[in-house]
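my_file_31.txt follows (compact mmCIF, C-alpha atoms and all ligand atoms):
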# COMPACT_ATOMS: atom_id res chain seq x y z
CA MET A 150 105.10 93.31 100.70
CA PRO A 151 104.04 96.90 99.91
CA ALA A 152 106.03 99.58 101.74
CA ALA A 153 104.36 100.74 104.97
CA PRO A 154 104.74 104.03 106.85
CA LYS A 155 106.53 104.14 110.20
CA PRO A 156 104.17 103.81 113.18
CA GLU A 157 104.70 107.49 114.15
CA THR A 158 103.85 108.58 110.59
CA LEU A 159 100.68 106.51 110.57
CA ALA A 160 99.75 107.92 114.00
CA ALA A 161 100.28 111.50 112.73
CA PHE A 162 98.14 110.73 109.67
CA GLU A 163 95.34 109.31 111.82
CA ARG A 164 95.44 112.35 114.15
CA ALA A 165 95.31 114.86 111.30
CA LYS A 166 92.12 116.57 110.21
CA GLY A 167 90.96 115.26 106.84
CA PHE A 168 88.98 112.73 104.92
CA MET A 169 91.19 109.84 103.90
CA PRO A 170 90.54 106.51 105.69
CA THR A 171 93.53 104.48 106.89
CA ARG A 172 93.18 101.67 104.32
CA GLU A 173 93.42 104.18 101.49
CA GLY A 174 96.25 105.98 103.30
CA LEU A 175 98.30 102.79 103.40
CA ALA A 176 97.75 102.30 99.65
CA LEU A 177 98.71 105.93 99.04
CA TYR A 178 101.93 105.49 101.01
CA ALA A 179 102.86 102.26 99.21
CA ALA A 180 102.33 103.89 95.81
CA ALA A 181 104.31 106.99 96.82
CA ALA A 182 107.20 104.90 98.17
CA GLU A 183 107.35 103.03 94.87
CA ALA A 184 107.02 106.15 92.71
CA GLY A 185 109.71 107.90 94.75
CA THR A 186 112.29 105.43 93.41
CA LEU A 187 112.00 107.22 90.04
CA GLY A 188 113.81 110.14 91.70
CA LEU A 189 111.17 112.69 90.66
CA PRO A 190 108.84 114.88 92.79
CA LEU A 191 105.52 113.51 94.07
CA LEU A 192 102.65 115.94 93.53
CA GLU A 193 99.29 116.20 95.28
CA VAL A 194 96.33 118.36 94.26
CA GLY A 195 94.17 118.99 97.33
CA THR A 196 96.18 119.57 100.51
CA TYR A 197 93.29 120.55 102.81
CA CYS A 198 94.81 120.19 106.32
CA GLY A 199 97.66 117.90 105.32
CA ARG A 200 96.34 114.46 106.23
CA SER A 201 97.33 112.73 102.98
CA THR A 202 100.35 115.06 102.59
CA ILE A 203 101.90 113.45 105.68
CA LEU A 204 102.12 110.13 103.84
CA LEU A 205 103.47 111.63 100.63
CA ALA A 206 106.05 113.58 102.64
CA ALA A 207 107.12 110.49 104.57
CA ALA A 208 107.50 108.49 101.33
CA ALA A 209 109.43 111.42 99.82
CA ARG A 210 111.75 111.43 102.85
CA GLU A 211 112.37 107.67 102.52
CA THR A 212 113.20 107.91 98.81
CA GLY A 213 115.08 111.23 98.80
CA VAL A 214 112.60 113.20 96.70
CA THR A 215 110.26 116.13 97.44
CA ALA A 216 106.50 116.11 97.90
CA ILE A 217 104.64 119.06 96.37
CA THR A 218 101.13 119.85 97.50
CA ILE A 219 98.74 122.34 95.91
CA ASP A 220 95.64 124.02 97.33
CA HIS A 221 94.10 127.48 97.33
CA HIS A 222 93.10 126.62 100.92
CA ARG A 223 89.63 128.14 100.50
CA GLY A 224 87.93 124.73 100.44
CA SER A 225 85.94 122.81 97.83
CA GLU A 226 82.25 123.34 97.15
CA GLU A 227 81.14 120.62 99.59
CA GLN A 228 83.33 122.08 102.38
CA GLN A 229 81.71 125.52 102.40
CA PRO A 230 79.43 126.65 105.29
CA GLY A 231 76.09 124.88 105.16
CA TRP A 232 77.46 121.86 103.28
CA GLU A 233 78.00 118.33 104.57
CA TYR A 234 81.79 118.47 104.76
CA HIS A 235 82.07 121.90 106.38
CA ASP A 236 84.26 122.20 109.48
CA PRO A 237 83.72 125.55 111.27
CA GLU A 238 87.25 125.31 112.73
CA THR A 239 88.65 125.89 109.23
CA VAL A 240 87.10 129.37 108.93
CA ASP A 241 89.34 132.45 109.30
CA PRO A 242 87.38 134.53 111.86
CA GLU A 243 88.59 137.84 110.42
CA LEU A 244 87.69 137.10 106.81
CA GLY A 245 84.82 134.71 107.44
CA ARG A 246 86.26 132.47 104.73
CA MET A 247 87.83 129.04 104.92
CA ASP A 248 91.59 128.97 105.35
CA THR A 249 93.11 125.53 105.88
CA LEU A 250 96.71 126.71 105.45
CA PRO A 251 97.44 127.36 109.18
CA THR A 252 96.15 123.92 110.18
CA PHE A 253 98.13 122.31 107.35
CA ARG A 254 101.34 124.01 108.50
CA ARG A 255 100.82 122.94 112.13
CA THR A 256 100.06 119.37 111.02
CA LEU A 257 103.24 119.07 108.96
CA HIS A 258 105.36 120.69 111.65
CA LYS A 259 104.07 118.35 114.37
CA ALA A 260 104.74 115.36 112.11
CA GLY A 261 108.34 116.55 111.62
CA LEU A 262 107.93 116.48 107.84
CA GLU A 263 108.10 120.15 106.83
CA ASP A 264 111.51 119.74 105.18
CA HIS A 265 110.17 117.21 102.70
CA VAL A 266 107.24 119.25 101.36
CA VAL A 267 106.84 122.28 99.14
CA ALA A 268 103.35 123.74 99.57
CA MET A 269 101.99 125.79 96.70
CA VAL A 270 99.04 128.05 97.48
CA GLY A 271 96.91 128.73 94.45
CA ARG A 272 94.50 127.32 91.92
CA SER A 273 95.65 124.03 90.44
CA PRO A 274 95.16 124.93 86.72
CA GLN A 275 96.96 128.25 87.19
CA ILE A 276 100.02 126.47 88.64
CA ALA A 277 99.86 123.64 86.09
CA ALA A 278 99.93 126.21 83.27
CA PHE A 279 103.54 127.15 84.03
CA TRP A 280 104.75 123.76 85.32
CA ARG A 281 107.70 122.23 83.41
CA THR A 282 109.14 119.51 85.69
CA PRO A 283 108.45 115.78 85.18
CA LEU A 284 106.72 114.09 88.11
CA GLY A 285 106.95 110.59 89.57
CA LEU A 286 103.45 110.66 91.04
CA VAL A 287 100.32 112.76 90.60
CA PHE A 288 97.62 112.39 93.25
CA ILE A 289 94.32 114.04 92.28
CA ASP A 290 92.19 114.91 95.33
CA GLY A 291 91.13 118.50 94.63
CA GLY A 292 87.73 119.84 93.57
CA HIS A 293 85.22 117.12 92.82
CA THR A 294 83.19 118.84 90.08
CA ASP A 295 83.75 117.79 86.47
CA GLU A 296 85.30 121.18 85.78
CA HIS A 297 87.90 120.84 88.55
CA ALA A 298 88.64 117.12 88.28
CA THR A 299 89.07 117.40 84.48
CA ALA A 300 91.29 120.47 84.79
CA ASP A 301 93.46 118.64 87.34
CA TYR A 302 93.82 115.66 85.02
CA GLU A 303 94.52 117.76 81.94
CA GLY A 304 96.88 120.06 83.86
CA TRP A 305 98.96 117.48 85.68
CA ALA A 306 98.80 114.09 83.92
CA PRO A 307 100.92 115.38 80.99
CA HIS A 308 103.80 115.94 83.46
CA LEU A 309 103.78 112.36 84.73
CA ALA A 310 106.92 110.52 83.64
CA GLU A 311 106.82 107.09 81.97
CA GLY A 312 106.46 104.53 84.78
CA GLY A 313 105.06 107.20 87.11
CA LEU A 314 101.85 106.69 89.06
CA LEU A 315 98.55 108.53 88.67
CA LEU A 316 96.36 108.30 91.77
CA ILE A 317 92.73 109.36 91.79
CA HIS A 318 90.74 109.63 94.99
CA ASP A 319 86.97 109.30 95.50
CA VAL A 320 86.36 107.05 92.51
CA PHE A 321 82.83 105.68 92.95
CA PRO A 322 81.63 103.50 90.03
CA ASP A 323 78.22 103.06 91.70
CA PRO A 324 76.27 106.34 91.93
CA GLU A 325 74.63 104.95 95.09
CA ASP A 326 78.01 105.02 96.86
CA GLU A 327 79.14 108.47 95.87
CA PHE A 328 79.26 111.34 98.33
CA THR A 329 80.65 114.18 96.25
CA GLY A 330 79.72 113.25 92.67
CA GLN A 331 81.22 110.93 90.08
CA ALA A 332 83.63 113.33 88.38
CA PRO A 333 86.71 111.48 89.72
CA TYR A 334 85.25 108.23 88.34
CA ARG A 335 84.84 109.84 84.91
CA VAL A 336 88.47 111.04 85.03
CA TYR A 337 89.58 107.52 85.94
CA LEU A 338 87.64 106.08 82.97
CA ARG A 339 89.13 108.70 80.68
CA ALA A 340 92.67 107.90 81.83
CA LEU A 341 92.15 104.19 81.12
CA ALA A 342 90.47 104.90 77.77
CA SER A 343 93.42 107.07 76.71
CA GLY A 344 95.57 103.93 76.50
CA ALA A 345 98.35 105.82 78.29
CA PHE A 346 97.63 104.30 81.72
CA THR A 347 97.33 100.78 83.14
CA GLU A 348 95.54 100.06 86.40
CA VAL A 349 97.82 98.91 89.22
CA SER A 350 95.45 98.70 92.18
CA ALA A 351 92.10 99.74 93.63
CA THR A 352 91.70 100.27 97.38
CA ASP A 353 88.19 101.37 98.24
CA SER A 354 87.83 104.70 96.38
CA LEU A 355 91.55 105.11 95.61
CA ARG A 356 92.76 104.07 92.16
CA VAL A 357 96.43 103.72 91.23
CA LEU A 358 97.34 103.77 87.52
CA ARG A 359 100.75 103.61 85.90
CA ARG A 360 101.80 105.62 82.88
CA THR A 361 102.72 103.00 80.32
CA SER A 362 102.78 105.23 77.23
CA THR A 363 102.51 108.88 76.27
CA GLY A 364 99.35 110.99 76.05
CA ILE A 365 96.37 111.68 78.30
C1 LIG B 401 88.97 116.62 99.48
S1 LIG B 401 89.99 117.96 99.98
C2 LIG B 401 91.58 117.24 100.04
C3 LIG B 401 91.74 116.27 101.16
C4 LIG B 401 93.16 115.87 101.49
N1 LIG B 401 93.85 115.29 100.35
C5 LIG B 401 93.14 114.90 102.67
O1 LIG B 401 93.49 113.73 102.51
O2 LIG B 401 92.74 115.30 103.76
C6 LIG B 401 90.02 118.93 98.51
C7 LIG B 401 90.90 120.19 98.60
O3 LIG B 401 91.07 120.67 97.27
C8 LIG B 401 91.12 122.08 97.29
N2 LIG B 401 90.75 122.54 95.95
C9 LIG B 401 89.57 122.40 95.31
N3 LIG B 401 89.62 122.91 94.07
C10 LIG B 401 90.89 123.38 93.92
C11 LIG B 401 91.58 124.04 92.85
N4 LIG B 401 91.00 124.29 91.67
N5 LIG B 401 92.86 124.42 93.05
C12 LIG B 401 93.48 124.18 94.24
N6 LIG B 401 92.89 123.56 95.27
C13 LIG B 401 91.61 123.16 95.12
C14 LIG B 401 90.15 122.49 98.37
O4 LIG B 401 90.48 123.77 98.88
C15 LIG B 401 90.31 121.35 99.40
O5 LIG B 401 91.16 121.71 100.45
What is this file in structure tokens?
Ligand SMILES: C[S@@+](CC[C@H](N)C(=O)[O-])C[C@H]1O[C@@H](n2cnc3c(N)ncnc32)[C@H](O)[C@@H]1O
Amino acid sequence: MPAAPKPETLAAFERAKGFMPTREGLALYAAAAEAGTLGLPLLEVGTYCGRSTILLAAAARETGVTAITIDHHRGSEEQQPGWEYHDPETVDPELGRMDTLPTFRRTLHKAGLEDHVVAMVGRSPQIAAFWRTPLGLVFIDGGHTDEHATADYEGWAPHLAEGGLLLIHDVFPDPEDEFTGQAPYRVYLRALASGAFTEVSATDSLRVLRRTSTGI
């Protein structure tokens, strides 16, 4: 039986603003709970308002590790005003720019999970450039252009320990199904083609791969 979040964790996840459906959330939690047993941090690229972070944080709490989540909090291309995924509530009224950090902090606080998360505010490649710590899990759910998805893969996959899990969200093999482009699908194909990763599971658009040898 895959590990499942506590009912209050699942309820907090379902209440939180964000994009991840429950089926994928359950798969994310199960992977994080397994990866946490490696005793290494679990890292997410793409915090947004903390919906998926709740599950990583809960799995981190259960396994005694820390969840790290990265976002510049200014939103992806498709979340900007005028685009399909824009939410006017995420705009800072003073600056007129998106700022999802306050909502994220409220979400984590209400879920009682703040102590299990380190939130890093900045651009993913800039943080990856100075990162030196091995990771038990890397969850890529940041920008969905080729430029961003590739930079996330190249920046973070090298830090994934042997046996660690690489998760990629919004993988749509059929262009008819895609909402935000197929860059995550291309990253998924590249990871498999590298020979360094083996597929563990696919739940809707969430893919879970395990690092089975070195390289990217
Ligand atoms: C699809 S949302 C993440 C959704 C979140 N995981 C959830 O489940 O609700 C993508 C997020 O990635 C962030 N983002 C996009 N490109 C980024 C980059 N280069 N560095 C850091 N954050 C980035 C955006 O600000 C946005 O909040």
| query | Could you pull the residues within 12 Å of A:Ala208, counting all atoms listed in the file, minus those fewer than 4 positions along the same chain, as a count of residues only? | reply | 37
Kindly work out which residues sit at most 8 Å from ligand LIG 401 (chain B), using only C-alpha atoms and all ligand atoms, and give the list as a compact mmCIF listing (two decimals) with C-alpha atoms, in the coordinates of the input.
# COMPACT_ATOMS: atom_id res chain seq x y z
CA ALA A 165 95.31 114.86 111.30
CA LYS A 166 92.12 116.57 110.21
CA GLY A 167 90.96 115.26 106.84
CA PHE A 168 88.98 112.73 104.92
CA MET A 169 91.19 109.84 103.90
CA GLU A 193 99.29 116.20 95.28
CA VAL A 194 96.33 118.36 94.26
CA GLY A 195 94.17 118.99 97.33
CA THR A 196 96.18 119.57 100.51
CA TYR A 197 93.29 120.55 102.81
CA CYS A 198 94.81 120.19 106.32
CA GLY A 199 97.66 117.90 105.32
CA ARG A 200 96.34 114.46 106.23
CA SER A 201 97.33 112.73 102.98
CA THR A 202 100.35 115.06 102.59
CA ILE A 219 98.74 122.34 95.91
CA ASP A 220 95.64 124.02 97.33
CA HIS A 221 94.10 127.48 97.33
CA HIS A 222 93.10 126.62 100.92
CA ARG A 223 89.63 128.14 100.50
CA GLY A 224 87.93 124.73 100.44
CA SER A 225 85.94 122.81 97.83
CA GLU A 226 82.25 123.34 97.15
CA GLN A 228 83.33 122.08 102.38
CA THR A 249 93.11 125.53 105.88
CA VAL A 270 99.04 128.05 97.48
CA GLY A 271 96.91 128.73 94.45
CA ARG A 272 94.50 127.32 91.92
CA SER A 273 95.65 124.03 90.44
CA PRO A 274 95.16 124.93 86.72
CA ASP A 290 92.19 114.91 95.33
CA GLY A 291 91.13 118.50 94.63
CA GLY A 292 87.73 119.84 93.57
CA HIS A 293 85.22 117.12 92.82
CA HIS A 297 87.90 120.84 88.55
CA ALA A 300 91.29 120.47 84.79
CA ASP A 301 93.46 118.64 87.34
| Nearest to A:Gly313 by atom-to-atom distance, counting all atoms listed in the file, from A:Arg359, A:Ala342, A:Ser350, A:Gln275 | A:Arg359
| query | Smallest atom-to-atom distance to A:Thr256: which of A:Arg164, A:Arg172, A:Arg360, A:Arg210, using all atoms listed in the file? | reply |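 Using all atoms listed in the file, A:Thr256 sits closest to A:Arg164.
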| From the set A:Phe321, A:Thr171, A:Leu314, A:Thr329, which residue has the shortest atom-to-atom contact distance to A:Trp232, counting all atoms listed in the file? |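 That would be A:Thr329, the residue with the smallest distance to A:Trp232.
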Taking all listed atoms of stretch 303-307 of chain A, build the axis-aligned box, pad each of the six sides by 5 Å, then write its centre and edge lengths in Å to one decimal as lines of an AutoDock Vina configuration file.
center_x = 97.7
center_y = 117.1
center_z = 83.3
size_x = 16.4
size_y = 16.0
size_z = 14.7
| Residue nearest A:Ala298 among A:Ile217, A:Ala340, A:Ala310, A:Met269 (counting all atoms listed in the file) |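 Counting all atoms listed in the file, the residue closest to A:Ala298 is A:Ala340.
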| Minimum-distance residue to A:Asp295, chosen among A:Val357, A:Ile317, A:Ala161, A:Val336 (using only C-alpha atoms) |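 Ranking A:Val357, A:Ile317, A:Ala161, A:Val336 by distance to A:Asp295, first place goes to A:Val336.
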| query | Distance atom CA of A:Gly312-atom CA of A:Leu187, one decimal place? | reply |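 Atom-to-atom, atom CA of A:Gly312 and atom CA of A:Leu187 are spaced 8.1 Å apart.
From atom CA of A:Leu257 back to atom CA of A:Pro333, the distance works out to 26.5 Å.
What separates atom CA of A:Ile276 from atom CA of A:Gly245 is a distance of 25.5 Å.
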